[in-house]
file protein_22.pdb (PDB, C-alpha atoms)
ATOM      1  CA  MET A 191     -11.664  -1.286 -37.269
ATOM      2  CA  ALA A 192      -9.134   1.536 -36.794
ATOM      3  CA  THR A 193      -6.035   0.954 -38.866
ATOM      4  CA  LEU A 194      -4.265   4.256 -38.569
ATOM      5  CA  ILE A 195      -0.522   3.865 -38.385
ATOM      6  CA  GLY A 196       1.256   6.939 -37.225
ATOM      7  CA  SER A 197       3.851   8.531 -35.073
ATOM      8  CA  SER A 198       4.596   8.977 -31.461
ATOM      9  CA  LYS A 199       4.317  12.595 -30.417
ATOM     10  CA  SER A 200       3.591  14.755 -27.421
ATOM     11  CA  LEU A 201       1.056  17.481 -26.771
ATOM     12  CA  ALA A 202       1.367  20.831 -25.084
ATOM     13  CA  LEU A 203       0.104  19.827 -21.642
ATOM     14  CA  ALA A 204       0.517  21.717 -18.403
ATOM     15  CA  SER A 205      -0.208  21.323 -14.718
ATOM     16  CA  THR A 206      -2.339  23.685 -12.647
ATOM     17  CA  GLU A 207       0.824  25.635 -11.905
ATOM     18  CA  GLY A 208       1.501  26.036 -15.611
ATOM     19  CA  ASN A 209       4.499  23.715 -15.821
ATOM     20  CA  GLU A 210       4.900  21.426 -18.791
ATOM     21  CA  ILE A 211       3.786  17.814 -18.327
ATOM     22  CA  ASP A 212       5.713  15.176 -20.264
ATOM     23  CA  ASN A 213       3.433  13.011 -22.337
ATOM     24  CA  GLU A 214       3.484  10.633 -25.272
ATOM     25  CA  GLN A 215       0.837   9.640 -27.784
ATOM     26  CA  SER A 216       1.156   6.436 -29.746
ATOM     27  CA  TRP A 217      -0.925   6.065 -32.856
ATOM     28  CA  GLU A 218       0.280   2.595 -33.738
ATOM     29  CA  VAL A 219      -2.376  -0.076 -33.928
ATOM     30  CA  ILE A 220      -0.823  -3.461 -34.476
ATOM     31  CA  TYR A 221      -2.191  -6.474 -36.239
ATOM     32  CA  GLN A 222      -3.391  -8.893 -33.559
ATOM     33  CA  ASP A 223      -4.376  -6.088 -31.178
ATOM     34  CA  HIS A 224      -8.010  -7.120 -31.408
ATOM     35  CA  ALA A 225      -7.253 -10.832 -31.110
ATOM     36  CA  ARG A 226      -5.165 -10.233 -27.985
ATOM     37  CA  ASN A 227      -7.882  -7.923 -26.704
ATOM     38  CA  ASP A 228     -10.428 -10.708 -27.054
ATOM     39  CA  GLU A 229      -8.151 -13.067 -25.136
ATOM     40  CA  LEU A 230      -8.005 -10.623 -22.253
ATOM     41  CA  LEU A 231     -11.757 -10.212 -22.275
ATOM     42  CA  GLN A 232     -12.124 -13.975 -22.056
ATOM     43  CA  GLN A 233      -9.799 -14.005 -19.083
ATOM     44  CA  TYR A 234     -11.486 -11.208 -17.156
ATOM     45  CA  GLY A 235     -14.959 -11.202 -18.656
ATOM     46  CA  ASN A 236     -16.382 -13.471 -15.965
ATOM     47  CA  GLU A 237     -14.927 -11.491 -13.072
ATOM     48  CA  PRO A 238     -17.544 -10.023 -10.706
ATOM     49  CA  MET A 239     -18.795  -6.620 -11.876
ATOM     50  CA  PHE A 240     -16.351  -6.487 -14.812
ATOM     51  CA  LYS A 241     -17.594  -4.505 -17.799
ATOM     52  CA  ARG A 242     -15.820  -3.195 -20.828
ATOM     53  CA  ARG A 243     -16.600   0.423 -21.395
ATOM     54  CA  CYS A 244     -16.329   0.517 -25.155
ATOM     55  CA  GLN A 245     -15.625  -1.671 -28.171
ATOM     56  CA  HIS A 246     -12.528   0.153 -29.307
ATOM     57  CA  ILE A 247      -8.946  -0.272 -28.275
ATOM     58  CA  SER A 248      -6.798   2.824 -28.404
ATOM     59  CA  PRO A 249      -3.031   3.159 -28.075
ATOM     60  CA  VAL A 250      -3.243   6.960 -28.034
ATOM     61  CA  TYR A 251      -3.525   7.158 -24.268
ATOM     62  CA  ASN A 252      -2.683   4.916 -21.324
ATOM     63  CA  CYS A 253      -4.191   4.635 -17.847
ATOM     64  CA  HIS A 254      -2.479   7.787 -16.585
ATOM     65  CA  GLY A 255      -3.544   9.646 -19.711
ATOM     66  CA  MET A 256      -7.148   8.702 -19.008
ATOM     67  CA  THR A 257      -6.836   9.656 -15.356
ATOM     68  CA  PHE A 258      -4.896  12.890 -15.688
ATOM     69  CA  ALA A 259      -5.082  14.044 -19.320
ATOM     70  CA  SER A 260      -8.661  13.424 -20.413
ATOM     71  CA  ARG A 261      -7.637  10.641 -22.800
ATOM     72  CA  ARG A 262      -5.711  13.051 -25.022
ATOM     73  CA  THR A 263      -2.311  11.432 -24.589
ATOM     74  CA  GLY A 264      -0.269   8.998 -22.511
ATOM     75  CA  ILE A 265       1.762   9.733 -19.378
ATOM     76  CA  ILE A 266       4.464   7.160 -18.745
ATOM     77  CA  ASP A 267       6.955   8.413 -16.143
ATOM     78  CA  ASN A 268       6.714   8.127 -12.366
ATOM     79  CA  SER A 269       8.214  11.567 -11.959
ATOM     80  CA  THR A 270       5.481  13.056 -14.139
ATOM     81  CA  ILE A 271       2.733  11.480 -12.037
ATOM     82  CA  GLU A 272       4.418  12.829  -8.920
ATOM     83  CA  GLN A 273       4.620  16.253 -10.544
ATOM     84  CA  ILE A 274       0.891  16.178 -11.336
ATOM     85  CA  LEU A 275      -0.034  15.088  -7.821
ATOM     86  CA  ARG A 276       2.013  17.933  -6.406
ATOM     87  CA  GLU A 277       1.255  20.744  -8.828
ATOM     88  CA  ASP A 278      -2.423  19.909  -9.359
ATOM     89  CA  ARG A 279      -2.703  19.753  -5.547
ATOM     90  CA  TYR A 280      -3.915  16.238  -4.995
ATOM     91  CA  SER A 281      -4.310  15.108  -1.389
ATOM     92  CA  LEU A 282      -4.086  11.538  -0.160
ATOM     93  CA  ILE A 283      -7.473  10.164   0.910
ATOM     94  CA  GLN A 284      -8.044   7.378   3.405
ATOM     95  CA  GLY A 285      -9.848   4.348   2.030
ATOM     96  CA  GLU A 286     -12.965   4.823   4.135
ATOM     97  CA  GLN A 287     -13.359   8.390   2.833
ATOM     98  CA  VAL A 288     -13.201   7.480  -0.873
ATOM     99  CA  LEU A 289     -15.826   9.056  -3.115
ATOM    100  CA  PRO A 290     -16.779   8.587  -6.782
ATOM    101  CA  GLY A 291     -14.410  10.586  -8.979
ATOM    102  CA  ASP A 292     -11.392  10.104  -6.728
ATOM    103  CA  VAL A 293      -8.183   8.947  -8.333
ATOM    104  CA  ILE A 294      -6.763   5.526  -7.519
ATOM    105  CA  LEU A 295      -3.073   4.719  -7.921
ATOM    106  CA  TYR A 296      -1.533   1.252  -7.928
ATOM    107  CA  VAL A 297       1.974   1.453  -6.502
ATOM    108  CA  HIS A 298       4.360  -1.448  -6.906
ATOM    109  CA  GLU A 299       6.678  -2.243  -3.987
ATOM    110  CA  SER A 300       9.501  -0.752  -6.011
ATOM    111  CA  GLY A 301       7.703   2.608  -5.896
ATOM    112  CA  ASP A 302       6.640   2.398  -9.527
ATOM    113  CA  ILE A 303       3.144   3.814 -10.130
ATOM    114  CA  GLU A 304       2.092   1.129 -12.548
ATOM    115  CA  HIS A 305      -1.583   1.915 -12.919
ATOM    116  CA  SER A 306      -4.225   4.511 -12.202
ATOM    117  CA  GLY A 307      -7.945   4.946 -12.604
ATOM    118  CA  ILE A 308     -11.079   6.719 -11.441
ATOM    119  CA  VAL A 309     -13.290   5.507  -8.600
ATOM    120  CA  ILE A 310     -16.804   4.753  -9.838
ATOM    121  CA  GLU A 311     -18.203   3.386  -6.594
ATOM    122  CA  PRO A 312     -16.597   3.512  -3.153
ATOM    123  CA  PRO A 313     -16.357   0.375  -1.013
ATOM    124  CA  ARG A 314     -19.839  -0.895  -0.223
ATOM    125  CA  PRO A 315     -21.290  -4.270   0.743
ATOM    126  CA  GLU A 316     -22.745  -4.503  -2.777
ATOM    127  CA  ASN A 317     -19.237  -4.503  -4.295
ATOM    128  CA  PHE A 318     -17.675  -6.700  -1.640
ATOM    129  CA  ASN A 319     -16.335  -3.554   0.109
ATOM    130  CA  ILE A 320     -13.906  -3.159  -2.777
ATOM    131  CA  PRO A 321     -14.090   0.030  -4.868
ATOM    132  CA  LEU A 322     -15.317  -0.204  -8.424
ATOM    133  CA  ILE A 323     -12.842   1.426 -10.785
ATOM    134  CA  LEU A 324     -12.815   2.730 -14.345
ATOM    135  CA  SER A 325      -9.369   2.359 -15.862
ATOM    136  CA  LYS A 326      -7.467   1.874 -19.113
ATOM    137  CA  TRP A 327      -5.441  -1.302 -19.411
ATOM    138  CA  GLY A 328      -2.403  -0.405 -21.519
ATOM    139  CA  ARG A 329      -3.264  -0.659 -25.191
ATOM    140  CA  TYR A 330      -6.593  -2.268 -24.329
ATOM    141  CA  LEU A 331      -9.967  -0.682 -24.008
ATOM    142  CA  GLU A 332     -11.264   0.910 -20.859
ATOM    143  CA  SER A 333     -12.983  -1.344 -18.399
ATOM    144  CA  VAL A 334     -14.947  -1.151 -15.176
ATOM    145  CA  HIS A 335     -13.600  -3.546 -12.590
ATOM    146  CA  LEU A 336     -13.153  -4.197  -8.917
ATOM    147  CA  ALA A 337      -9.988  -2.500  -7.719
ATOM    148  CA  ASN A 338      -8.205  -5.788  -6.978
ATOM    149  CA  ARG A 339      -9.299  -7.592 -10.165
ATOM    150  CA  CYS A 340      -6.957  -6.349 -12.880
ATOM    151  CA  PRO A 341      -3.446  -7.155 -14.200
ATOM    152  CA  TYR A 342      -1.782  -4.721 -11.783
ATOM    153  CA  ASP A 343      -0.327  -5.012  -8.292
ATOM    154  CA  SER A 344      -3.106  -4.061  -5.866
ATOM    155  CA  ASN A 345      -1.144  -4.569  -2.638
ATOM    156  CA  ASP A 346      -0.501  -0.833  -2.296
ATOM    157  CA  ILE A 347      -3.487   1.155  -3.512
ATOM    158  CA  ARG A 348      -3.727   4.875  -2.816
ATOM    159  CA  TYR A 349      -6.543   7.331  -3.312
ATOM    160  CA  TYR A 350      -6.229  10.993  -4.173
ATOM    161  CA  ARG A 351      -8.504  13.978  -4.529
ATOM    162  CA  ILE A 352      -7.759  17.489  -5.671
ATOM    163  CA  ASN A 353      -7.744  19.974  -2.836
ATOM    164  CA  HIS A 354      -7.202  23.564  -3.807
ATOM    165  CA  GLY A 355      -7.684  24.701  -0.243
ATOM    166  CA  GLU A 356      -9.789  27.575   0.966
ATOM    167  CA  PHE A 357     -10.544  30.500  -1.276
ATOM    168  CA  GLU A 358     -11.019  34.036  -0.080
ATOM    169  CA  TYR A 359     -13.828  36.059  -1.515
ATOM    170  CA  SER A 360     -12.825  39.509  -2.608
TER     171      SER A 360
ATOM    172  CA  MET B1232      18.691 -16.188 -36.341
ATOM    173  CA  ALA B1233      17.404 -16.140 -32.792
ATOM    174  CA  ASN B1234      15.655 -19.153 -31.346
ATOM    175  CA  LEU B1235      12.244 -17.693 -30.572
ATOM    176  CA  ASN B1236      10.919 -21.008 -29.279
ATOM    177  CA  ILE B1237      12.607 -20.215 -25.995
ATOM    178  CA  LEU B1238      10.263 -17.308 -25.395
ATOM    179  CA  ASN B1239       6.804 -17.600 -23.851
ATOM    180  CA  ILE B1240       5.445 -15.245 -26.475
ATOM    181  CA  ASP B1241       1.828 -15.500 -25.374
ATOM    182  CA  ALA B1242       2.675 -14.341 -21.870
ATOM    183  CA  LEU B1243       5.029 -11.646 -23.128
ATOM    184  CA  ALA B1244       2.493 -10.349 -25.651
ATOM    185  CA  ASN B1245      -0.148 -10.092 -22.942
ATOM    186  CA  ILE B1246       2.246  -8.201 -20.691
ATOM    187  CA  TYR B1247       2.926  -5.810 -23.554
ATOM    188  CA  MET B1248      -0.763  -5.308 -24.223
ATOM    189  CA  VAL B1249      -1.558  -4.205 -20.650
ATOM    190  CA  ALA B1250       1.661  -2.308 -19.953
ATOM    191  CA  ASN B1251       0.904   1.321 -19.236
ATOM    192  CA  THR B1252       4.511   2.319 -18.714
ATOM    193  CA  PRO B1253       8.002   1.248 -19.804
ATOM    194  CA  SER B1254       8.849   0.454 -16.194
ATOM    195  CA  TYR B1255       5.974  -2.053 -15.949
ATOM    196  CA  LEU B1256       7.046  -3.709 -19.178
ATOM    197  CA  PHE B1257      10.694  -3.810 -18.081
ATOM    198  CA  ARG B1258       9.915  -5.227 -14.655
ATOM    199  CA  HIS B1259       7.599  -7.976 -15.899
ATOM    200  CA  TYR B1260       9.858  -8.977 -18.752
ATOM    201  CA  ARG B1261      12.862  -9.122 -16.393
ATOM    202  CA  ASN B1262      10.852 -11.408 -14.119
ATOM    203  CA  ASN B1263       9.776 -13.679 -16.976
ATOM    204  CA  SER B1264      12.061 -16.716 -16.952
ATOM    205  CA  SER B1265      11.801 -17.209 -20.719
ATOM    206  CA  VAL B1266      13.342 -13.762 -21.273
ATOM    207  CA  GLN B1267      16.341 -14.651 -19.139
ATOM    208  CA  ASP B1268      16.615 -18.024 -20.877
ATOM    209  CA  PHE B1269      16.468 -16.170 -24.190
ATOM    210  CA  ALA B1270      19.240 -13.845 -23.055
ATOM    211  CA  ASP B1271      21.370 -16.741 -21.826
ATOM    212  CA  ALA B1272      20.992 -18.543 -25.142
ATOM    213  CA  HIS B1273      22.022 -15.606 -27.305
ATOM    214  CA  SER B1274      24.928 -13.234 -27.534
ATOM    215  CA  ILE B1275      24.625  -9.479 -27.365
ATOM    216  CA  GLU B1276      25.076  -9.334 -31.120
ATOM    217  CA  GLU B1277      22.301 -11.874 -31.682
ATOM    218  CA  LEU B1278      19.914  -9.917 -29.459
ATOM    219  CA  VAL B1279      20.760  -6.707 -31.286
ATOM    220  CA  ALA B1280      20.205  -8.500 -34.598
ATOM    221  CA  GLU B1281      16.730  -9.488 -33.398
ATOM    222  CA  ILE B1282      15.961  -5.887 -32.505
ATOM    223  CA  ARG B1283      17.098  -4.801 -35.956
ATOM    224  CA  ARG B1284      15.023  -7.551 -37.570
ATOM    225  CA  VAL B1285      11.785  -6.486 -35.890
ATOM    226  CA  SER B1286      12.575  -2.846 -36.559
ATOM    227  CA  SER B1287      12.859  -3.623 -40.260
ATOM    228  CA  ILE B1288       9.393  -5.168 -40.458
ATOM    229  CA  GLU B1289       6.977  -2.865 -42.213
ATOM    230  CA  LEU B1290       4.754  -1.276 -39.607
ATOM    231  CA  THR B1291       1.569  -2.396 -41.300
ATOM    232  CA  LYS B1292       2.752  -5.982 -41.191
ATOM    233  CA  ARG B1293       4.163  -6.031 -37.677
ATOM    234  CA  THR B1294       2.351  -8.153 -35.094
ATOM    235  CA  VAL B1295       2.038  -7.947 -31.355
ATOM    236  CA  ASP B1296       4.193 -11.063 -31.170
ATOM    237  CA  ASP B1297       6.927  -9.280 -33.148
ATOM    238  CA  ILE B1298       6.843  -6.400 -30.671
ATOM    239  CA  ALA B1299       6.966  -8.812 -27.747
ATOM    240  CA  VAL B1300      10.049 -10.481 -29.222
ATOM    241  CA  ALA B1301      11.721  -7.120 -29.756
ATOM    242  CA  TYR B1302      11.177  -6.085 -26.167
ATOM    243  CA  ALA B1303      12.363  -9.496 -25.014
ATOM    244  CA  ALA B1304      15.583  -8.845 -26.893
ATOM    245  CA  VAL B1305      15.871  -5.344 -25.419
ATOM    246  CA  VAL B1306      15.314  -6.609 -21.886
ATOM    247  CA  GLY B1307      17.554  -9.568 -22.671
ATOM    248  CA  LEU B1308      20.374  -7.074 -23.173
ATOM    249  CA  THR B1309      19.929  -5.982 -19.563
ATOM    250  CA  PHE B1310      21.158  -9.401 -18.467
ATOM    251  CA  LYS B1311      24.448  -8.760 -20.243
ATOM    252  CA  ASP B1312      27.564  -6.766 -19.435
ATOM    253  CA  ALA B1313      26.647  -3.072 -19.541
ATOM    254  CA  PRO B1314      29.749  -1.650 -21.252
ATOM    255  CA  LEU B1315      29.598  -4.364 -23.923
ATOM    256  CA  VAL B1316      25.912  -3.646 -24.476
ATOM    257  CA  LYS B1317      26.551   0.066 -24.739
ATOM    258  CA  ALA B1318      29.183  -0.522 -27.408
ATOM    259  CA  ALA B1319      26.959  -2.921 -29.338
ATOM    260  CA  ILE B1320      23.950  -0.591 -29.456
ATOM    261  CA  ALA B1321      25.876   2.570 -30.252
ATOM    262  CA  ASP B1322      24.552   2.699 -33.821
ATOM    263  CA  VAL B1323      21.218   0.946 -33.339
ATOM    264  CA  ASP B1324      18.097   2.827 -34.322
ATOM    265  CA  PHE B1325      15.536   2.166 -31.578
ATOM    266  CA  SER B1326      12.912   4.506 -32.950
ATOM    267  CA  LYS B1327      10.752   1.656 -34.255
ATOM    268  CA  ILE B1328      10.566   0.062 -30.782
ATOM    269  CA  LEU B1329       8.760   2.768 -28.849
ATOM    270  CA  TRP B1330       9.990   2.146 -25.313
ATOM    271  CA  ALA B1331      13.333   0.517 -26.065
ATOM    272  CA  GLN B1332      15.481   3.481 -25.098
ATOM    273  CA  ARG B1333      13.441   4.209 -21.990
ATOM    274  CA  ILE B1334      13.830   0.614 -20.858
ATOM    275  CA  LEU B1335      17.569   0.757 -21.342
ATOM    276  CA  PHE B1336      17.672   3.962 -19.294
ATOM    277  CA  LEU B1337      15.744   2.213 -16.511
ATOM    278  CA  TRP B1338      18.430  -0.465 -16.381
ATOM    279  CA  GLU B1339      20.404   0.385 -13.258
ATOM    280  CA  PRO B1340      23.919  -0.516 -14.456
ATOM    281  CA  TYR B1341      23.348   1.454 -17.616
ATOM    282  CA  PRO B1342      25.352   4.664 -17.800
ATOM    283  CA  THR B1343      22.886   7.435 -16.965
ATOM    284  CA  VAL B1344      25.022  10.198 -18.368
ATOM    285  CA  ASP B1345      25.760   9.531 -21.976
ATOM    286  CA  ALA B1346      26.145  12.272 -24.501
ATOM    287  CA  THR B1347      26.010   9.815 -27.377
ATOM    288  CA  LEU B1348      22.640   8.307 -26.527
ATOM    289  CA  LYS B1349      19.824  10.801 -26.523
ATOM    290  CA  LEU B1350      16.332   9.908 -25.470
ATOM    291  CA  THR B1351      14.130  11.013 -28.310
ATOM    292  CA  SER B1352      10.564  11.798 -27.374
ATOM    293  CA  GLU B1353       9.462  11.913 -30.987
ATOM    294  CA  SER B1354       9.915   8.577 -32.668
ATOM    295  CA  VAL B1355       9.446   7.493 -36.260
ATOM    296  CA  VAL B1356       6.932   9.439 -38.288
ATOM    297  CA  VAL B1357       5.063   7.268 -40.718
ATOM    298  CA  MET B1358       2.449   8.913 -42.875
ATOM    299  CA  PRO B1359      -0.579   6.663 -43.204
ATOM    300  CA  PRO B1360      -0.866   5.209 -46.686
ATOM    301  CA  ALA B1361      -3.614   6.727 -48.754
ATOM    302  CA  GLU B1362      -5.516   3.456 -48.851
ATOM    303  CA  MET B1363      -5.694   3.141 -45.082
ATOM    304  CA  SER B1364      -8.504   4.825 -43.264
ATOM    305  CA  VAL B1365      -9.845   5.343 -39.809
ATOM    306  CA  THR B1366     -13.330   4.112 -39.279
ATOM    307  CA  THR B1367     -15.358   5.533 -36.496
ATOM    308  CA  GLU B1368     -17.811   3.070 -35.137
ATOM    309  CA  PRO B1369     -20.060   3.756 -32.212
ATOM    310  CA  CYS B1370     -18.749   2.445 -28.939
TER     311      CYS B1370
END

call {"tool": "encode", "arguments": {"input": "protein_22.pdb", "output": "structure tokens"}}
result
Amino acid sequence: MATLIGSSKSLALASTEGNEIDNEQSWEVIYQDHARNDELLQQYGNEPMFKRRCQHISPVYNCHGMTFASRRTGIIDNSTIEQILREDRYSLIQGEQVLPGDVILYVHESGDIEHSGIVIEPPRPENFNIPLILSKWGRYLESVHLANRCPYDSNDIRYYRINHGEFEYS
Amino acid sequence: MANLNILNIDALANIYMVANTPSYLFRHYRNNSSVQDFADAHSIEELVAEIRRVSSIELTKRTVDDIAVAYAAVVGLTFKDAPLVKAAIADVDFSKILWAQRILFLWEPYPTVDATLKLTSESVVVMPPAEMSVTTEPC
């Protein structure tokens, strides 16, 4: 069981355009983390198609850190997500065009981007026409779940894919 | 001493555990009736005292429930008069409560331009004790 207690710090992280991306690692693992983790697994463990991806919990990165920073760190501000979408050249994708690897964002009615993840399977009859998502739930471990079966507001879900446009061959 | 029985600590701890962002934590704690009841039952000074109490707990002994209480106290302050809160927290060290300052900045009535309150991106640095170790187990 990981028991490292440490600091909060940020990494040198940049967008495709080379601009700094705000980020925050937390290395604090708190007593009861695993007990609370088990409670959550009991709550969601029987949900259709739910799977936990790994045994560990990790506070080092959050959902946005998994989605946009390869699990190296956490990203916690709306403005930073918006910066990444813009500078990494993400385009909005319509639900029926979703493909594995696309990014999913959960947007609260207030405009807050409260969760993100990666599409594993697009909507198909086998998954009730609801995408299957890989995402990180706060301090908890990563899990595979149906897009609308998680502790986040799924009323406004948006899909994005990087589009660098056409390249010219020289 | 704050009356922690007012708080629905289980619910608040679970919110904390799945919160990816300070804004999520702030919003859900603000909407939790036990946090407002907690704020109504305590003065600004009592809420600040609770924040100080949790901050003083040794990190290796702190529990998720402690953190949930601390954030309940922080969010509880956002139900109070903003200028009075600002005065009361002027010398409070929030570095042990990771998102405390960010939550207070999210609070709409809170003065957004304040030279005396700086958002620090690097919080407390605690070197791991020599006896603690990281074990790497296969996933």

call {"tool": "closest_residue", "arguments": {"input": "protein_22.pdb", "among": "B:Val1279, B:Ile1246, B:Ile1320, B:Leu1238", "to": "chain A", "atoms": "all atoms listed in the file"}}
result
B:Ile1246

call {"tool": "resolve_selection", "arguments": {"input": "protein_22.pdb", "expression": "the ChimeraX specification (/B :<10) & /A", "output": "ChimeraX atom specification"}}
result
/A:191-200,212-223,225-227,229-230,243-246,249,251-255,264-268,298,300,302-306,326-331,340-342

call {"tool": "write_last_selection", "arguments": {"input": "protein_22.pdb", "atoms": "C-alpha atoms", "output": "mmCIF file, in the coordinates of the input"}}
result
data_model
loop_
_atom_site.group_PDB
_atom_site.id
_atom_site.type_symbol
_atom_site.label_atom_id
_atom_site.label_comp_id
_atom_site.auth_asym_id
_atom_site.auth_seq_id
_atom_site.Cartn_x
_atom_site.Cartn_y
_atom_site.Cartn_z
ATOM 1 C CA MET A 191 -11.664 -1.286 -37.269
ATOM 2 C CA ALA A 192 -9.134 1.536 -36.794
ATOM 3 C CA THR A 193 -6.035 0.954 -38.866
ATOM 4 C CA LEU A 194 -4.265 4.256 -38.569
ATOM 5 C CA ILE A 195 -0.522 3.865 -38.385
ATOM 6 C CA GLY A 196 1.256 6.939 -37.225
ATOM 7 C CA SER A 197 3.851 8.531 -35.073
ATOM 8 C CA SER A 198 4.596 8.977 -31.461
ATOM 9 C CA LYS A 199 4.317 12.595 -30.417
ATOM 10 C CA SER A 200 3.591 14.755 -27.421
ATOM 11 C CA ASP A 212 5.713 15.176 -20.264
ATOM 12 C CA ASN A 213 3.433 13.011 -22.337
ATOM 13 C CA GLU A 214 3.484 10.633 -25.272
ATOM 14 C CA GLN A 215 0.837 9.640 -27.784
ATOM 15 C CA SER A 216 1.156 6.436 -29.746
ATOM 16 C CA TRP A 217 -0.925 6.065 -32.856
ATOM 17 C CA GLU A 218 0.280 2.595 -33.738
ATOM 18 C CA VAL A 219 -2.376 -0.076 -33.928
ATOM 19 C CA ILE A 220 -0.823 -3.461 -34.476
ATOM 20 C CA TYR A 221 -2.191 -6.474 -36.239
ATOM 21 C CA GLN A 222 -3.391 -8.893 -33.559
ATOM 22 C CA ASP A 223 -4.376 -6.088 -31.178
ATOM 23 C CA ALA A 225 -7.253 -10.832 -31.110
ATOM 24 C CA ARG A 226 -5.165 -10.233 -27.985
ATOM 25 C CA ASN A 227 -7.882 -7.923 -26.704
ATOM 26 C CA GLU A 229 -8.151 -13.067 -25.136
ATOM 27 C CA LEU A 230 -8.005 -10.623 -22.253
ATOM 28 C CA ARG A 243 -16.600 0.423 -21.395
ATOM 29 C CA CYS A 244 -16.329 0.517 -25.155
ATOM 30 C CA GLN A 245 -15.625 -1.671 -28.171
ATOM 31 C CA HIS A 246 -12.528 0.153 -29.307
ATOM 32 C CA PRO A 249 -3.031 3.159 -28.075
ATOM 33 C CA TYR A 251 -3.525 7.158 -24.268
ATOM 34 C CA ASN A 252 -2.683 4.916 -21.324
ATOM 35 C CA CYS A 253 -4.191 4.635 -17.847
ATOM 36 C CA HIS A 254 -2.479 7.787 -16.585
ATOM 37 C CA GLY A 255 -3.544 9.646 -19.711
ATOM 38 C CA GLY A 264 -0.269 8.998 -22.511
ATOM 39 C CA ILE A 265 1.762 9.733 -19.378
ATOM 40 C CA ILE A 266 4.464 7.160 -18.745
ATOM 41 C CA ASP A 267 6.955 8.413 -16.143
ATOM 42 C CA ASN A 268 6.714 8.127 -12.366
ATOM 43 C CA HIS A 298 4.360 -1.448 -6.906
ATOM 44 C CA SER A 300 9.501 -0.752 -6.011
ATOM 45 C CA ASP A 302 6.640 2.398 -9.527
ATOM 46 C CA ILE A 303 3.144 3.814 -10.130
ATOM 47 C CA GLU A 304 2.092 1.129 -12.548
ATOM 48 C CA HIS A 305 -1.583 1.915 -12.919
ATOM 49 C CA SER A 306 -4.225 4.511 -12.202
ATOM 50 C CA LYS A 326 -7.467 1.874 -19.113
ATOM 51 C CA TRP A 327 -5.441 -1.302 -19.411
ATOM 52 C CA GLY A 328 -2.403 -0.405 -21.519
ATOM 53 C CA ARG A 329 -3.264 -0.659 -25.191
ATOM 54 C CA TYR A 330 -6.593 -2.268 -24.329
ATOM 55 C CA LEU A 331 -9.967 -0.682 -24.008
ATOM 56 C CA CYS A 340 -6.957 -6.349 -12.880
ATOM 57 C CA PRO A 341 -3.446 -7.155 -14.200
ATOM 58 C CA TYR A 342 -1.782 -4.721 -11.783
#

call {"tool": "atom_distance", "arguments": {"input": "protein_22.pdb", "atom1": "atom CA of Ala1299 of chain B", "atom2": "atom CA of Ala1270 of chain B"}}
result
14.1 Å

call {"tool": "axis_aligned_box", "arguments": {"input": "protein_22.pdb", "around": "segment 214-223 of chain A", "padding_each_side": "4 Å", "output": "AutoDock Vina command-line options"}}
result
--center_x -0.4 --center_y 0.9 --center_z -30.8 --size_x 15.9 --size_y 27.5 --size_z 19.0

call {"tool": "atom_distance", "arguments": {"input": "protein_22.pdb", "atom1": "atom CA of Arg262 of chain A", "atom2": "atom CA of Leu275 of chain A"}}
result
18.2 Å

call {"tool": "resolve_selection", "arguments": {"input": "protein_22.pdb", "expression": "the PyMOL selection byres ((chain B and resi 1236) around 12)", "output": "CSV table (one decimal) with C-alpha atoms, in the frame of the given file"}}
result
chain,number,residue,atom,x,y,z
B,1232,MET,CA,18.7,-16.2,-36.3
B,1233,ALA,CA,17.4,-16.1,-32.8
B,1234,ASN,CA,15.7,-19.2,-31.3
B,1235,LEU,CA,12.2,-17.7,-30.6
B,1237,ILE,CA,12.6,-20.2,-26.0
B,1238,LEU,CA,10.3,-17.3,-25.4
B,1239,ASN,CA,6.8,-17.6,-23.9
B,1240,ILE,CA,5.4,-15.2,-26.5
B,1241,ASP,CA,1.8,-15.5,-25.4
B,1265,SER,CA,11.8,-17.2,-20.7
B,1266,VAL,CA,13.3,-13.8,-21.3
B,1268,ASP,CA,16.6,-18.0,-20.9
B,1269,PHE,CA,16.5,-16.2,-24.2
B,1272,ALA,CA,21.0,-18.5,-25.1
B,1300,VAL,CA,10.0,-10.5,-29.2

call {"tool": "closest_residue", "arguments": {"input": "protein_22.pdb", "among": "B:Asn1263, B:Val1323, B:Thr1309, B:Gln1332", "to": "Ile1282 of chain B", "atoms": "all atoms listed in the file"}}
result
B:Val1323

call {"tool": "atom_distance", "arguments": {"input": "protein_22.pdb", "atom1": "atom CA of Phe1257 of chain B", "atom2": "atom CA of Ser248 of chain A"}}
result
21.4 Å

call {"tool": "resolve_selection", "arguments": {"input": "protein_22.pdb", "expression": "the PyMOL selection byres ((chain B and resi 1311) around 12)", "output": "ChimeraX atom specification"}}
result
/B:1267,1269-1276,1278-1279,1304-1310,1312-1319,1335,1338,1340-1341

call {"tool": "residues_around", "arguments": {"input": "protein_22.pdb", "residues": "Ser1286 of chain B", "least_positions_apart": "2", "cutoff": "8 Å", "atoms": "all atoms listed in the file", "output": "MDAnalysis selection string"}}
result
chainID B and resid 1282:1284 1288:1289 1325 1327:1328
